[in-house]
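The file target02.txt comes next; it holds compact mmCIF, C-alpha atoms.
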# COMPACT_ATOMS: atom_id res chain seq x y z
CA MET A 1 119.59 92.16 106.21
CA ALA A 2 117.05 91.51 103.49
CA PHE A 3 118.05 91.86 99.84
CA ALA A 4 116.75 94.99 98.07
CA PHE A 5 114.82 93.78 95.03
CA ASN A 6 114.00 96.20 92.21
CA ASP A 7 113.03 96.09 88.53
CA GLU A 8 116.62 95.51 87.43
CA ASN A 9 117.66 92.68 89.73
CA SER A 10 114.42 90.76 90.42
CA LYS A 11 114.28 88.72 87.20
CA PRO A 12 117.91 87.49 87.34
CA GLU A 13 117.44 86.46 90.99
CA ILE A 14 114.15 84.66 90.29
CA GLU A 15 115.66 82.90 87.26
CA SER A 16 118.82 81.88 89.15
CA GLY A 17 117.20 78.59 90.15
CA LYS A 18 117.71 79.35 93.82
CA PRO A 19 114.63 79.66 96.08
CA VAL A 20 113.53 83.31 96.24
CA VAL A 21 111.11 85.12 98.58
CA ILE A 22 110.04 88.68 97.73
CA ASP A 23 108.09 90.90 100.11
CA PHE A 24 106.27 93.65 98.17
CA TRP A 25 105.88 96.67 100.47
CA ALA A 26 105.67 100.47 100.75
CA GLU A 27 106.84 102.94 103.38
CA TRP A 28 103.29 104.08 104.22
CA CYS A 29 101.99 100.51 104.77
CA ILE A 30 101.60 99.75 108.49
CA PRO A 31 101.28 95.93 108.09
CA CYS A 32 104.39 96.05 105.88
CA LYS A 33 106.33 97.74 108.67
CA LYS A 34 105.24 95.02 111.10
CA ILE A 35 106.49 92.26 108.79
CA ALA A 36 109.77 94.03 107.90
CA PRO A 37 111.79 92.89 110.96
CA ILE A 38 110.63 89.31 110.40
CA ILE A 39 111.77 89.45 106.77
CA ASP A 40 115.17 90.77 107.90
CA GLU A 41 115.52 87.98 110.51
CA LEU A 42 114.58 85.27 108.01
CA ALA A 43 116.96 86.71 105.40
CA GLU A 44 119.82 86.18 107.87
CA GLN A 45 118.53 82.80 109.04
CA TYR A 46 118.30 81.40 105.49
CA GLU A 47 121.31 83.24 104.03
CA GLY A 48 123.03 81.15 101.38
CA ARG A 49 120.01 78.86 100.96
CA VAL A 50 117.16 81.22 100.06
CA LYS A 51 117.33 84.76 98.65
CA ILE A 52 114.90 86.75 100.83
CA GLY A 53 114.25 90.42 100.31
CA LYS A 54 111.96 93.37 99.87
CA TYR A 55 110.62 95.12 96.78
CA ASN A 56 109.45 98.71 97.37
CA VAL A 57 106.42 99.26 95.11
CA GLU A 58 106.88 103.03 95.37
CA GLU A 59 110.39 102.90 93.90
CA SER A 60 109.83 100.14 91.32
CA SER A 61 106.67 98.84 89.72
CA ASP A 62 107.35 96.65 86.69
CA VAL A 63 107.74 93.37 88.57
CA ALA A 64 104.81 94.19 90.87
CA THR A 65 102.65 94.84 87.81
CA GLU A 66 103.83 91.66 86.10
CA PHE A 67 102.78 89.53 89.08
CA GLY A 68 99.52 91.41 89.63
CA ILE A 69 100.38 92.83 93.04
CA ARG A 70 97.29 94.81 94.08
CA SER A 71 97.55 94.67 97.87
CA ILE A 72 100.52 94.95 100.16
CA PRO A 73 102.14 93.32 101.91
CA THR A 74 102.23 90.51 99.38
CA ILE A 75 104.96 87.90 99.61
CA LEU A 76 105.80 85.74 96.60
CA PHE A 77 107.69 82.44 96.81
CA PHE A 78 109.71 81.14 93.84
CA ARG A 79 111.46 77.83 93.22
CA ASP A 80 113.35 76.97 90.02
CA GLY A 81 112.27 80.30 88.51
CA LYS A 82 108.55 79.62 88.98
CA LEU A 83 106.01 81.17 91.34
CA VAL A 84 104.96 78.39 93.74
CA ASP A 85 103.21 80.23 96.58
CA LYS A 86 101.81 83.61 97.54
CA ASN A 87 100.72 85.32 100.76
CA VAL A 88 98.66 88.51 100.82
CA GLY A 89 98.43 90.42 104.11
CA SER A 90 100.00 89.83 107.48
CA ILE A 91 101.61 86.51 108.33
CA SER A 92 103.36 85.14 111.41
CA LYS A 93 107.05 84.28 111.46
CA SER A 94 106.29 80.59 112.00
CA ASN A 95 103.93 80.48 109.00
CA LEU A 96 106.54 82.25 106.86
CA GLU A 97 109.16 79.73 107.98
CA GLU A 98 106.84 76.86 106.96
CA LYS A 99 106.42 78.38 103.50
CA ILE A 100 110.18 78.99 103.14
CA ASN A 101 111.02 75.46 104.30
CA ALA A 102 108.63 74.13 101.63
CA LEU A 103 110.88 75.79 99.03
CA LEU A 104 113.92 73.81 100.17

Any chance you could give the structure as structure tokens?
Amino acid sequence: MAFAFNDENSKPEIESGKPVVIDFWAEWCIPCKKIAPIIDELAEQYEGRVKIGKYNVEESSDVATEFGIRSIPTILFFRDGKLVDKNVGSISKSNLEEKINALL
């Protein structure tokens, strides 16, 4: 199951030094719902190596604002506390895996 990111826990996770992948989404977003099962699968697949989770922009907004999230789904990729990649819109599981593997 994907980690539930929010305004309180996002910064400590990003700054942990571990690779982090955050999917910014909302309940009403159809493309977000299509990506959700893929995010859950990848969270299990990379458990212990990469922190993968979802950030609901309807429940939290500070981190989304800080990173200029204007469209969802947007997926941000962090390594060593720094933003290293970004994907806006739909993406296939294989393309997501490529981006995650680049973090390792």

A:Ala4, A:Ile38, A:Asn9, A:Tyr46 ranked by distance to Asn101 of chain A, top pick (using only C-alpha atoms)
A:Tyr46

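Ranking A:Asn87, A:Met1, A:Glu97, A:Arg79 by their shortest atom-to-atom distance to Glu44 of chain A, with only C-alpha atoms included, puts A:Met1 first.
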
Point-to-point distance in Å for atom CA of Phe5 of chain A and atom CA of Val88 of chain A
18.0 Å

How far is it from atom CA of Gly68 of chain A to atom CA of Gly48 of chain A, in Å with one decimal?
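About the pair atom CA of Gly68 of chain A and atom CA of Gly48 of chain A: they are 28.2 Å apart.
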
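Between Ser60 of chain A and the residues A:Leu76, A:Ala36, A:Ala26, A:Leu42, the shortest atom-to-atom distance, using only C-alpha atoms, involves A:Ala26.
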
What is the atom CA of Phe24 of chain A-atom CA of Leu96 of chain A distance in Å, reported with one decimal?
14.3 Å
